[in-house]
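Have a look at my_file-v6.csv; it's CSV, N, CA and C atoms:
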chain,number,residue,atom,x,y,z
A,2,MET,N,-92.7,-23.3,-69.5
A,2,MET,CA,-92.1,-24.3,-70.4
A,2,MET,C,-91.5,-25.4,-69.6
A,3,GLU,N,-91.8,-26.6,-70.0
A,3,GLU,CA,-91.3,-27.8,-69.3
A,3,GLU,C,-90.1,-28.5,-70.1
A,4,PRO,N,-88.9,-28.4,-69.6
A,4,PRO,CA,-87.8,-29.1,-70.3
A,4,PRO,C,-88.1,-30.5,-70.7
A,5,GLY,N,-88.9,-31.2,-69.9
A,5,GLY,CA,-89.2,-32.6,-70.2
A,5,GLY,C,-90.0,-32.7,-71.5
A,6,HIS,N,-90.9,-31.8,-71.7
A,6,HIS,CA,-91.6,-31.8,-73.0
A,6,HIS,C,-90.7,-31.4,-74.2
A,7,HIS,N,-89.7,-30.6,-73.9
A,7,HIS,CA,-88.7,-30.3,-75.0
A,7,HIS,C,-88.0,-31.6,-75.4
A,8,CYS,N,-87.6,-32.4,-74.4
A,8,CYS,CA,-87.0,-33.7,-74.7
A,8,CYS,C,-87.9,-34.6,-75.4
A,9,GLU,N,-89.2,-34.6,-75.0
A,9,GLU,CA,-90.1,-35.5,-75.7
A,9,GLU,C,-90.3,-35.1,-77.1
A,10,TRP,N,-90.4,-33.8,-77.4
A,10,TRP,CA,-90.5,-33.4,-78.8
A,10,TRP,C,-89.2,-33.7,-79.6
A,11,LEU,N,-88.1,-33.5,-79.0
A,11,LEU,CA,-86.8,-33.9,-79.6
A,11,LEU,C,-86.8,-35.4,-80.0
A,12,TRP,N,-87.2,-36.2,-79.1
A,12,TRP,CA,-87.2,-37.7,-79.4
A,12,TRP,C,-88.2,-38.0,-80.5
A,13,LEU,N,-89.4,-37.3,-80.5
A,13,LEU,CA,-90.3,-37.6,-81.5
A,13,LEU,C,-89.8,-37.1,-82.9
A,14,LEU,N,-89.2,-36.0,-82.9
A,14,LEU,CA,-88.6,-35.5,-84.2
A,14,LEU,C,-87.5,-36.4,-84.7
A,15,GLU,N,-86.6,-36.9,-83.8
A,15,GLU,CA,-85.6,-37.8,-84.2
A,15,GLU,C,-86.2,-39.2,-84.7
A,16,TRP,N,-87.2,-39.6,-84.0
A,16,TRP,CA,-87.8,-40.9,-84.4
A,16,TRP,C,-88.4,-40.7,-85.8
A,17,HIS,N,-89.1,-39.6,-86.0
A,17,HIS,CA,-89.7,-39.3,-87.3
A,17,HIS,C,-88.6,-39.3,-88.4
A,18,ALA,N,-87.4,-38.7,-88.1
A,18,ALA,CA,-86.3,-38.6,-89.0
A,18,ALA,C,-85.8,-39.9,-89.4
A,19,ARG,N,-85.7,-40.8,-88.4
A,19,ARG,CA,-85.2,-42.2,-88.7
A,19,ARG,C,-86.2,-42.9,-89.6
A,20,LEU,N,-87.5,-42.8,-89.3
A,20,LEU,CA,-88.5,-43.5,-90.1
A,20,LEU,C,-88.7,-42.9,-91.5
A,21,ALA,N,-88.5,-41.6,-91.6
A,21,ALA,CA,-88.7,-40.9,-92.9
A,21,ALA,C,-87.5,-40.8,-93.7
A,22,GLY,N,-86.3,-41.1,-93.1
A,22,GLY,CA,-85.1,-41.0,-93.9
A,22,GLY,C,-84.5,-39.7,-94.0
A,23,GLY,N,-85.0,-38.8,-93.1
A,23,GLY,CA,-84.5,-37.4,-93.1
A,23,GLY,C,-85.2,-36.6,-92.1
A,24,HIS,N,-84.5,-35.5,-91.7
A,24,HIS,CA,-85.1,-34.7,-90.6
A,24,HIS,C,-86.1,-33.6,-91.2
A,25,ALA,N,-87.3,-33.6,-90.8
A,25,ALA,CA,-88.3,-32.7,-91.3
A,25,ALA,C,-88.2,-31.3,-90.7
A,26,ALA,N,-87.6,-31.2,-89.5
A,26,ALA,CA,-87.6,-29.9,-88.8
A,26,ALA,C,-86.2,-29.8,-88.1
A,27,PRO,N,-85.1,-29.7,-88.8
A,27,PRO,CA,-83.8,-29.6,-88.1
A,27,PRO,C,-83.7,-28.3,-87.3
A,28,GLU,N,-84.3,-27.2,-87.8
A,28,GLU,CA,-84.3,-25.9,-87.0
A,28,GLU,C,-85.0,-26.0,-85.7
A,29,ALA,N,-86.2,-26.7,-85.7
A,29,ALA,CA,-86.9,-26.9,-84.5
A,29,ALA,C,-86.2,-27.7,-83.5
A,30,ALA,N,-85.6,-28.8,-84.0
A,30,ALA,CA,-84.8,-29.6,-83.1
A,30,ALA,C,-83.6,-28.9,-82.5
A,31,ALA,N,-82.9,-28.0,-83.3
A,31,ALA,CA,-81.8,-27.2,-82.8
A,31,ALA,C,-82.3,-26.2,-81.7
A,32,ALA,N,-83.5,-25.6,-82.0
A,32,ALA,CA,-84.0,-24.7,-81.0
A,32,ALA,C,-84.4,-25.4,-79.7
A,33,LEU,N,-84.9,-26.6,-79.8
A,33,LEU,CA,-85.2,-27.4,-78.5
A,33,LEU,C,-84.0,-27.7,-77.8
A,34,ARG,N,-82.9,-28.2,-78.5
A,34,ARG,CA,-81.7,-28.5,-77.8
A,34,ARG,C,-81.0,-27.2,-77.2
A,35,GLY,N,-81.2,-26.1,-77.9
A,35,GLY,CA,-80.6,-24.8,-77.4
A,35,GLY,C,-81.3,-24.4,-76.1
A,36,PHE,N,-82.6,-24.6,-76.0
A,36,PHE,CA,-83.3,-24.3,-74.8
A,36,PHE,C,-82.9,-25.2,-73.7
A,37,LEU,N,-82.7,-26.5,-74.0
A,37,LEU,CA,-82.3,-27.4,-73.0
A,37,LEU,C,-80.8,-27.2,-72.5
A,38,GLY,N,-80.0,-26.5,-73.4
A,38,GLY,CA,-78.7,-26.2,-73.0
A,38,GLY,C,-78.5,-25.0,-72.1
A,39,ARG,N,-79.6,-24.3,-71.9
A,39,ARG,CA,-79.5,-23.2,-70.9
A,39,ARG,C,-79.2,-23.7,-69.5
A,40,PRO,N,-78.3,-23.0,-68.8
A,40,PRO,CA,-77.9,-23.4,-67.5
A,40,PRO,C,-79.1,-23.6,-66.5
A,41,ALA,N,-80.1,-22.7,-66.7
A,41,ALA,CA,-81.2,-22.7,-65.8
A,41,ALA,C,-82.1,-24.0,-66.0
A,42,ALA,N,-82.0,-24.6,-67.1
A,42,ALA,CA,-82.8,-25.8,-67.4
A,42,ALA,C,-82.4,-27.0,-66.5
A,43,ARG,N,-81.2,-26.9,-65.9
A,43,ARG,CA,-80.8,-28.1,-65.1
A,43,ARG,C,-80.5,-27.6,-63.7
A,44,ARG,N,-80.7,-28.6,-62.8
A,44,ARG,CA,-80.3,-28.4,-61.4
A,44,ARG,C,-78.8,-28.6,-61.2
A,45,PRO,N,-78.2,-28.3,-60.1
A,45,PRO,CA,-76.8,-28.6,-59.9
A,45,PRO,C,-76.3,-30.0,-60.1
A,46,GLU,N,-77.2,-31.0,-59.8
A,46,GLU,CA,-76.8,-32.4,-60.0
A,46,GLU,C,-77.0,-32.8,-61.5
A,47,GLY,N,-77.6,-32.0,-62.3
A,47,GLY,CA,-77.8,-32.2,-63.7
A,47,GLY,C,-79.2,-32.6,-64.1
A,48,ALA,N,-80.1,-32.8,-63.1
A,48,ALA,CA,-81.5,-33.1,-63.5
A,48,ALA,C,-82.2,-31.9,-64.1
A,49,LEU,N,-83.1,-32.3,-65.1
A,49,LEU,CA,-83.9,-31.2,-65.7
A,49,LEU,C,-84.9,-30.7,-64.7
A,50,ARG,N,-85.0,-29.4,-64.7
A,50,ARG,CA,-86.0,-28.7,-63.8
A,50,ARG,C,-87.4,-28.9,-64.3
A,51,ASP,N,-88.4,-28.7,-63.5
A,51,ASP,CA,-89.8,-28.9,-63.8
A,51,ASP,C,-90.3,-27.8,-64.8
A,52,VAL,N,-90.1,-26.6,-64.5
A,52,VAL,CA,-90.8,-25.5,-65.3
A,52,VAL,C,-89.9,-24.3,-65.3
A,53,LEU,N,-89.7,-23.8,-66.5
A,53,LEU,CA,-89.0,-22.5,-66.8
A,53,LEU,C,-90.0,-21.6,-67.5
A,54,ASP,N,-89.8,-20.3,-67.5
A,54,ASP,CA,-90.6,-19.4,-68.3
A,54,ASP,C,-89.9,-19.3,-69.7
A,55,SER,N,-90.5,-18.6,-70.6
A,55,SER,CA,-89.9,-18.5,-72.0
A,55,SER,C,-88.6,-17.9,-72.1
A,56,THR,N,-88.2,-17.1,-71.1
A,56,THR,CA,-86.9,-16.5,-71.1
A,56,THR,C,-85.8,-17.4,-70.5
A,57,GLY,N,-86.3,-18.5,-69.9
A,57,GLY,CA,-85.3,-19.5,-69.2
A,57,GLY,C,-85.2,-19.3,-67.7
A,58,ALA,N,-86.0,-18.4,-67.1
A,58,ALA,CA,-86.0,-18.2,-65.7
A,58,ALA,C,-86.7,-19.4,-65.0
A,59,VAL,N,-86.2,-19.8,-63.9
A,59,VAL,CA,-86.8,-21.0,-63.2
A,59,VAL,C,-88.1,-20.6,-62.5
A,60,LEU,N,-89.2,-21.3,-62.8
A,60,LEU,CA,-90.5,-21.1,-62.2
A,60,LEU,C,-90.8,-22.2,-61.1
A,61,GLU,N,-90.3,-23.4,-61.4
A,61,GLU,CA,-90.5,-24.5,-60.4
A,61,GLU,C,-89.1,-25.2,-60.4
A,62,PRO,N,-88.4,-25.1,-59.2
A,62,PRO,CA,-87.0,-25.6,-59.2
A,62,PRO,C,-86.9,-27.1,-58.9
A,63,GLY,N,-88.0,-27.8,-58.7
A,63,GLY,CA,-87.9,-29.2,-58.4
A,63,GLY,C,-87.6,-30.0,-59.8
A,64,ALA,N,-87.5,-31.3,-59.7
A,64,ALA,CA,-87.2,-32.1,-60.8
A,64,ALA,C,-87.9,-33.4,-60.7
A,65,ARG,N,-89.0,-33.6,-61.4
A,65,ARG,CA,-89.8,-34.8,-61.4
A,65,ARG,C,-89.0,-35.9,-62.2
A,66,LEU,N,-89.4,-37.1,-62.0
A,66,LEU,CA,-88.8,-38.3,-62.6
A,66,LEU,C,-89.0,-38.3,-64.1
A,67,TRP,N,-90.3,-38.0,-64.6
A,67,TRP,CA,-90.6,-38.2,-66.0
A,67,TRP,C,-89.7,-37.3,-67.0
A,68,PRO,N,-89.3,-36.1,-66.6
A,68,PRO,CA,-88.4,-35.4,-67.6
A,68,PRO,C,-87.1,-36.0,-67.7
A,69,GLN,N,-86.6,-36.7,-66.7
A,69,GLN,CA,-85.3,-37.4,-66.8
A,69,GLN,C,-85.4,-38.6,-67.7
A,70,THR,N,-86.6,-39.3,-67.7
A,70,THR,CA,-86.8,-40.4,-68.7
A,70,THR,C,-86.8,-39.8,-70.1
A,71,GLU,N,-87.5,-38.7,-70.3
A,71,GLU,CA,-87.6,-38.1,-71.6
A,71,GLU,C,-86.2,-37.6,-72.1
A,72,TRP,N,-85.4,-37.1,-71.2
A,72,TRP,CA,-84.0,-36.7,-71.5
A,72,TRP,C,-83.2,-37.9,-72.0
A,73,LEU,N,-83.3,-39.1,-71.3
A,73,LEU,CA,-82.6,-40.3,-71.7
A,73,LEU,C,-83.0,-40.7,-73.1
A,74,LYS,N,-84.3,-40.6,-73.4
A,74,LYS,CA,-84.8,-41.0,-74.7
A,74,LYS,C,-84.2,-40.1,-75.8
A,75,ALA,N,-84.1,-38.8,-75.5
A,75,ALA,CA,-83.7,-37.8,-76.5
A,75,ALA,C,-82.2,-37.6,-76.5
A,76,ALA,N,-81.5,-38.1,-75.6
A,76,ALA,CA,-80.1,-37.8,-75.4
A,76,ALA,C,-79.2,-38.3,-76.6
A,77,THR,N,-78.3,-37.4,-77.0
A,77,THR,CA,-77.3,-37.8,-78.0
A,77,THR,C,-76.4,-38.9,-77.3
A,78,ALA,N,-75.6,-39.5,-78.2
A,78,ALA,CA,-74.6,-40.5,-77.6
A,78,ALA,C,-73.8,-39.9,-76.5
A,79,ALA,N,-73.3,-38.7,-76.7
A,79,ALA,CA,-72.5,-38.0,-75.7
A,79,ALA,C,-73.2,-37.7,-74.4
A,80,GLU,N,-74.5,-37.5,-74.5
A,80,GLU,CA,-75.3,-37.1,-73.3
A,80,GLU,C,-75.8,-38.3,-72.6
A,81,ARG,N,-75.9,-39.5,-73.2
A,81,ARG,CA,-76.5,-40.6,-72.6
A,81,ARG,C,-75.9,-41.0,-71.2
A,82,PRO,N,-74.6,-41.0,-71.0
A,82,PRO,CA,-74.1,-41.4,-69.7
A,82,PRO,C,-74.6,-40.4,-68.6
A,83,ALA,N,-74.6,-39.2,-68.9
A,83,ALA,CA,-75.1,-38.2,-67.9
A,83,ALA,C,-76.6,-38.4,-67.7
A,84,ALA,N,-77.3,-38.6,-68.7
A,84,ALA,CA,-78.8,-38.8,-68.6
A,84,ALA,C,-79.1,-40.0,-67.8
A,85,ALA,N,-78.3,-41.1,-68.0
A,85,ALA,CA,-78.5,-42.4,-67.3
A,85,ALA,C,-78.1,-42.2,-65.8
A,86,ARG,N,-77.1,-41.4,-65.5
A,86,ARG,CA,-76.6,-41.2,-64.2
A,86,ARG,C,-77.7,-40.4,-63.4
A,87,VAL,N,-78.2,-39.4,-64.0
A,87,VAL,CA,-79.2,-38.5,-63.4
A,87,VAL,C,-80.5,-39.4,-63.1
A,88,LEU,N,-80.9,-40.1,-64.1
A,88,LEU,CA,-82.1,-40.9,-63.9
A,88,LEU,C,-81.9,-42.0,-62.9
A,89,GLY,N,-80.7,-42.6,-62.9
A,89,GLY,CA,-80.3,-43.7,-61.9
A,89,GLY,C,-80.5,-43.2,-60.5
A,90,ALA,N,-80.2,-41.9,-60.2
A,90,ALA,CA,-80.4,-41.4,-58.8
A,90,ALA,C,-81.8,-41.5,-58.3
A,91,TYR,N,-82.8,-41.6,-59.2
A,91,TYR,CA,-84.2,-41.7,-58.8
A,91,TYR,C,-84.6,-43.1,-58.5
A,92,LEU,N,-83.8,-44.1,-58.9
A,92,LEU,CA,-84.2,-45.5,-58.7
A,92,LEU,C,-83.7,-45.9,-57.3
A,93,ARG,N,-84.6,-46.7,-56.7
A,93,ARG,CA,-84.3,-47.2,-55.4
A,93,ARG,C,-83.9,-48.7,-55.4
A,94,GLU,N,-83.2,-49.1,-54.4
A,94,GLU,CA,-82.7,-50.5,-54.4
A,94,GLU,C,-83.8,-51.6,-54.3
A,95,ASP,N,-85.0,-51.2,-53.9
A,95,ASP,CA,-86.1,-52.1,-53.8
A,95,ASP,C,-86.9,-52.3,-55.1
A,96,GLY,N,-86.4,-51.7,-56.1
A,96,GLY,CA,-87.0,-51.8,-57.4
A,96,GLY,C,-88.1,-50.7,-57.7
A,97,LEU,N,-88.3,-49.8,-56.8
A,97,LEU,CA,-89.2,-48.7,-57.0
A,97,LEU,C,-88.4,-47.4,-57.4
A,98,TRP,N,-89.0,-46.3,-57.3
A,98,TRP,CA,-88.3,-45.1,-57.6
A,98,TRP,C,-88.9,-43.9,-56.8
A,99,HIS,N,-88.1,-42.8,-56.8
A,99,HIS,CA,-88.5,-41.6,-56.2
A,99,HIS,C,-89.2,-40.7,-57.3
A,100,GLU,N,-90.3,-40.1,-57.0
A,100,GLU,CA,-91.1,-39.4,-58.0
A,100,GLU,C,-90.4,-38.0,-58.3
A,101,ARG,N,-89.8,-37.4,-57.3
A,101,ARG,CA,-89.2,-36.1,-57.6
A,101,ARG,C,-88.0,-35.8,-56.7
A,102,ARG,N,-87.2,-34.9,-57.3
A,102,ARG,CA,-86.1,-34.2,-56.5
A,102,ARG,C,-86.7,-32.9,-56.1
A,103,LEU,N,-86.6,-32.7,-54.8
A,103,LEU,CA,-87.2,-31.5,-54.2
A,103,LEU,C,-86.2,-30.3,-54.4
A,104,PRO,N,-86.7,-29.1,-54.2
A,104,PRO,CA,-85.9,-27.9,-54.4
A,104,PRO,C,-84.6,-27.9,-53.6
A,105,ASP,N,-84.6,-28.6,-52.4
A,105,ASP,CA,-83.4,-28.6,-51.6
A,105,ASP,C,-82.4,-29.7,-52.1
A,106,GLY,N,-82.8,-30.5,-53.1
A,106,GLY,CA,-81.9,-31.5,-53.7
A,106,GLY,C,-82.2,-32.9,-53.2
A,107,SER,N,-83.0,-33.0,-52.1
A,107,SER,CA,-83.4,-34.3,-51.6
A,107,SER,C,-84.4,-35.0,-52.5
A,108,LEU,N,-84.5,-36.3,-52.4
A,108,LEU,CA,-85.5,-37.1,-53.2
A,108,LEU,C,-86.7,-37.3,-52.3
A,109,SER,N,-87.9,-37.2,-52.9
A,109,SER,CA,-89.1,-37.3,-52.2
A,109,SER,C,-89.4,-38.8,-51.9
A,110,HIS,N,-90.3,-39.0,-51.0
A,110,HIS,CA,-90.8,-40.4,-50.6
A,110,HIS,C,-92.3,-40.5,-50.8
A,111,GLU,N,-92.8,-39.6,-51.6
A,111,GLU,CA,-94.3,-39.7,-51.9
A,111,GLU,C,-94.6,-40.8,-52.9
A,112,PRO,N,-95.8,-41.3,-52.9
A,112,PRO,CA,-96.2,-42.3,-53.8
A,112,PRO,C,-96.1,-41.8,-55.2
A,113,ALA,N,-95.7,-42.7,-56.1
A,113,ALA,CA,-95.5,-42.2,-57.5
A,113,ALA,C,-96.7,-42.6,-58.4
A,114,PRO,N,-97.1,-41.7,-59.3
A,114,PRO,CA,-98.3,-42.0,-60.1
A,114,PRO,C,-97.9,-43.1,-61.1
A,115,ALA,N,-98.9,-43.8,-61.6
A,115,ALA,CA,-98.7,-44.9,-62.5
A,115,ALA,C,-98.0,-44.4,-63.8
A,116,SER,N,-98.2,-43.2,-64.1
A,116,SER,CA,-97.6,-42.7,-65.3
A,116,SER,C,-96.1,-42.7,-65.3
A,117,SER,N,-95.5,-42.8,-64.1
A,117,SER,CA,-94.0,-42.9,-64.0
A,117,SER,C,-93.5,-44.2,-64.5
A,118,LEU,N,-94.3,-45.3,-64.2
A,118,LEU,CA,-93.9,-46.6,-64.7
A,118,LEU,C,-93.9,-46.6,-66.3
A,119,TYR,N,-94.9,-45.9,-66.8
A,119,TYR,CA,-95.0,-45.7,-68.3
A,119,TYR,C,-93.8,-45.0,-68.8
A,120,HIS,N,-93.4,-43.9,-68.2
A,120,HIS,CA,-92.2,-43.2,-68.6
A,120,HIS,C,-90.9,-44.0,-68.5
A,121,LEU,N,-90.8,-44.7,-67.4
A,121,LEU,CA,-89.6,-45.5,-67.2
A,121,LEU,C,-89.6,-46.6,-68.3
A,122,SER,N,-90.7,-47.3,-68.5
A,122,SER,CA,-90.7,-48.4,-69.5
A,122,SER,C,-90.4,-47.8,-70.9
A,123,CYS,N,-90.9,-46.7,-71.3
A,123,CYS,CA,-90.6,-46.1,-72.6
A,123,CYS,C,-89.2,-45.8,-72.7
A,124,ALA,N,-88.6,-45.2,-71.6
A,124,ALA,CA,-87.1,-44.9,-71.7
A,124,ALA,C,-86.3,-46.2,-71.9
A,125,ILE,N,-86.7,-47.2,-71.2
A,125,ILE,CA,-85.9,-48.5,-71.3
A,125,ILE,C,-86.1,-49.0,-72.7
A,126,ALA,N,-87.3,-49.0,-73.3
A,126,ALA,CA,-87.5,-49.5,-74.6
A,126,ALA,C,-86.8,-48.6,-75.7
A,127,ALA,N,-86.8,-47.3,-75.5
A,127,ALA,CA,-86.2,-46.4,-76.4
A,127,ALA,C,-84.6,-46.6,-76.4
A,128,THR,N,-84.1,-46.8,-75.3
A,128,THR,CA,-82.6,-46.9,-75.2
A,128,THR,C,-82.2,-48.3,-75.7
A,129,ALA,N,-83.0,-49.3,-75.6
A,129,ALA,CA,-82.7,-50.6,-76.1
A,129,ALA,C,-82.8,-50.8,-77.6
A,130,ALA,N,-83.6,-49.9,-78.2
A,130,ALA,CA,-83.9,-49.9,-79.6
A,130,ALA,C,-82.6,-49.4,-80.4
A,131,PRO,N,-82.3,-50.0,-81.5
A,131,PRO,CA,-81.2,-49.5,-82.3
A,131,PRO,C,-81.5,-48.2,-82.9
A,132,ARG,N,-80.5,-47.3,-82.9
A,132,ARG,CA,-80.6,-46.0,-83.5
A,132,ARG,C,-79.9,-46.0,-84.9
A,133,GLY,N,-80.6,-45.5,-85.9
A,133,GLY,CA,-80.0,-45.5,-87.2
A,133,GLY,C,-79.3,-44.3,-87.6
Spell out the structure here as structure tokens.
Amino acid sequence: MEPGHHCEWLWLLEWHARLAGGHAAPEAAAALRGFLGRPAARRPEGALRDVLDSTGAVLEPGARLWPQTEWLKAATAAERPAAARVLGAYLREDGLWHERRLPDGSLSHEPAPASSLYHLSCAIAATAAPRG
């Protein structure tokens, strides 16, 4: 299970609720938030881990960029400062970004796939859009 996908589904459910005038799946949203609230879902600095199993045990301890963007999109008002702080750590001064936080906590220097720009752009657009 990838916590980043949990955030993506949360954002989609909330987006649908805003458009439809009501939440179609409040129990599903609560279950997704509950899974994300498990301590194992986050690394010590707060970043969402890459992969957990269905019990919440860590399968991949790293933390790619894209789950952090999805968390920012799905974050509640109270979570937004933490989500922005975590995502901000991936951004570099030269306008680029680090693709992943490694298991030891350091940030990688590998080339980032084009999909990372898509995720960053969507997070910026989603956080700039008014929430109803």
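The spacing separating CA of Ser55 in chain A from CA of Ala113 in chain A amounts to 28.3 Å.
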Among A:Glu46, A:Glu28, A:Glu71, A:Glu111, Gly5 in chain A is approached most closely, using all atoms listed in the file, by A:Glu71
What does the distance from atom C of Ala130 in chain A to atom C of Glu15 in chain A come to in Å, to one decimal?
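Computing it gives 11.6 Å between the two atoms.
Of note, CA of Arg44 in chain A and CA of His110 in chain A are spaced 19.3 Å apart.
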Task: helix (DSSP H, G or I) positions in range 5-89 of chain A, given as a PyMOL selection string - done: chain A and resi 5-21+27-37+40-42+66-75+81-89
In terms of only C-alpha atoms, the residue from A:Leu118, A:Leu49, A:Ala26, A:Ala79 at minimal distance from Gly63 in chain A is A:Leu49
Smallest atom-to-atom distance to Glu61 in chain A: which of A:Arg102, A:Arg34, A:Arg93, A:Arg81, using only C-alpha atoms?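 Closest residue, counting only C-alpha atoms: A:Arg102.
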Exercise for review: Take the point (-83.9, -36.5, -63.8) in the file's coordinates, draw a sphere of radius 7 Å around it, and report as a ChimeraX atom specification every protein, DNA or RNA residue with an atom inside or on it, counting all atoms listed in the file.
Suggested key: /A:47-49,64-70,87-89,91
Item to complete: Identify which of the residues A:Lys74, A:Leu97, A:Leu103, A:Pro114 lies closest to Ala127 in chain A, counting only N, CA and C atoms when measuring atom-to-atom distances.
Response: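 Comparing A:Lys74, A:Leu97, A:Leu103, A:Pro114 against Ala127 in chain A, the winner is A:Lys74.
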As a PDB file with N, CA and C atoms, in the coordinates of the input, which residues of range 30-126 of chain A does DSSP assign to strand (DSSP E)?
ATOM      1  N   VAL A  52     -90.100 -26.600 -64.500  1.00  0.00           N
ATOM      2  CA  VAL A  52     -90.800 -25.500 -65.300  1.00  0.00           C
ATOM      3  C   VAL A  52     -89.900 -24.300 -65.300  1.00  0.00           C
ATOM      4  N   LEU A  53     -89.700 -23.800 -66.500  1.00  0.00           N
ATOM      5  CA  LEU A  53     -89.000 -22.500 -66.800  1.00  0.00           C
ATOM      6  C   LEU A  53     -90.000 -21.600 -67.500  1.00  0.00           C
ATOM      7  N   VAL A  59     -86.200 -19.800 -63.900  1.00  0.00           N
ATOM      8  CA  VAL A  59     -86.800 -21.000 -63.200  1.00  0.00           C
ATOM      9  C   VAL A  59     -88.100 -20.600 -62.500  1.00  0.00           C
ATOM     10  N   LEU A  60     -89.200 -21.300 -62.800  1.00  0.00           N
ATOM     11  CA  LEU A  60     -90.500 -21.100 -62.200  1.00  0.00           C
ATOM     12  C   LEU A  60     -90.800 -22.200 -61.100  1.00  0.00           C
ATOM     13  N   GLU A  61     -90.300 -23.400 -61.400  1.00  0.00           N
ATOM     14  CA  GLU A  61     -90.500 -24.500 -60.400  1.00  0.00           C
ATOM     15  C   GLU A  61     -89.100 -25.200 -60.400  1.00  0.00           C
ATOM     16  N   ALA A  64     -87.500 -31.300 -59.700  1.00  0.00           N
ATOM     17  CA  ALA A  64     -87.200 -32.100 -60.800  1.00  0.00           C
ATOM     18  C   ALA A  64     -87.900 -33.400 -60.700  1.00  0.00           C
ATOM     19  N   ARG A  65     -89.000 -33.600 -61.400  1.00  0.00           N
ATOM     20  CA  ARG A  65     -89.800 -34.800 -61.400  1.00  0.00           C
ATOM     21  C   ARG A  65     -89.000 -35.900 -62.200  1.00  0.00           C
ATOM     22  N   ARG A 101     -89.800 -37.400 -57.300  1.00  0.00           N
ATOM     23  CA  ARG A 101     -89.200 -36.100 -57.600  1.00  0.00           C
ATOM     24  C   ARG A 101     -88.000 -35.800 -56.700  1.00  0.00           C
ATOM     25  N   ARG A 102     -87.200 -34.900 -57.300  1.00  0.00           N
ATOM     26  CA  ARG A 102     -86.100 -34.200 -56.500  1.00  0.00           C
ATOM     27  C   ARG A 102     -86.700 -32.900 -56.100  1.00  0.00           C
TER      28      ARG A 102
END
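Across A:Pro112, A:Ala21, A:Leu14, A:Ala41, the tightest approach to Ala58 in chain A is made by A:Ala41 when counting all atoms listed in the file.
Proximity to Asp54 in chain A was assessed for A:Pro4, A:Leu92, A:Ser109, A:Ala30 counting only C-alpha atoms; the smallest distance is recorded for A:Pro4.
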>> When you look at Phe36 in chain A with a cut-off of 9 Å (counting only C-alpha atoms), what residues show up, excluding the ones that are within fewer than 5 positions of it in the same chain? I need them as a list of chain:residue names.
In response: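 These residues fall inside the cut-off: A:Pro4, A:His7, A:Ala31, A:Ala42, A:Gly57.
Residues in contact range of Ala18 in chain A, defined as at most 10 Å between only C-alpha atoms, with sequence neighbours fewer than 6 positions away removed, read Trp12, His24, Ala25, Ala26, Pro27 and Gly133 of chain A.
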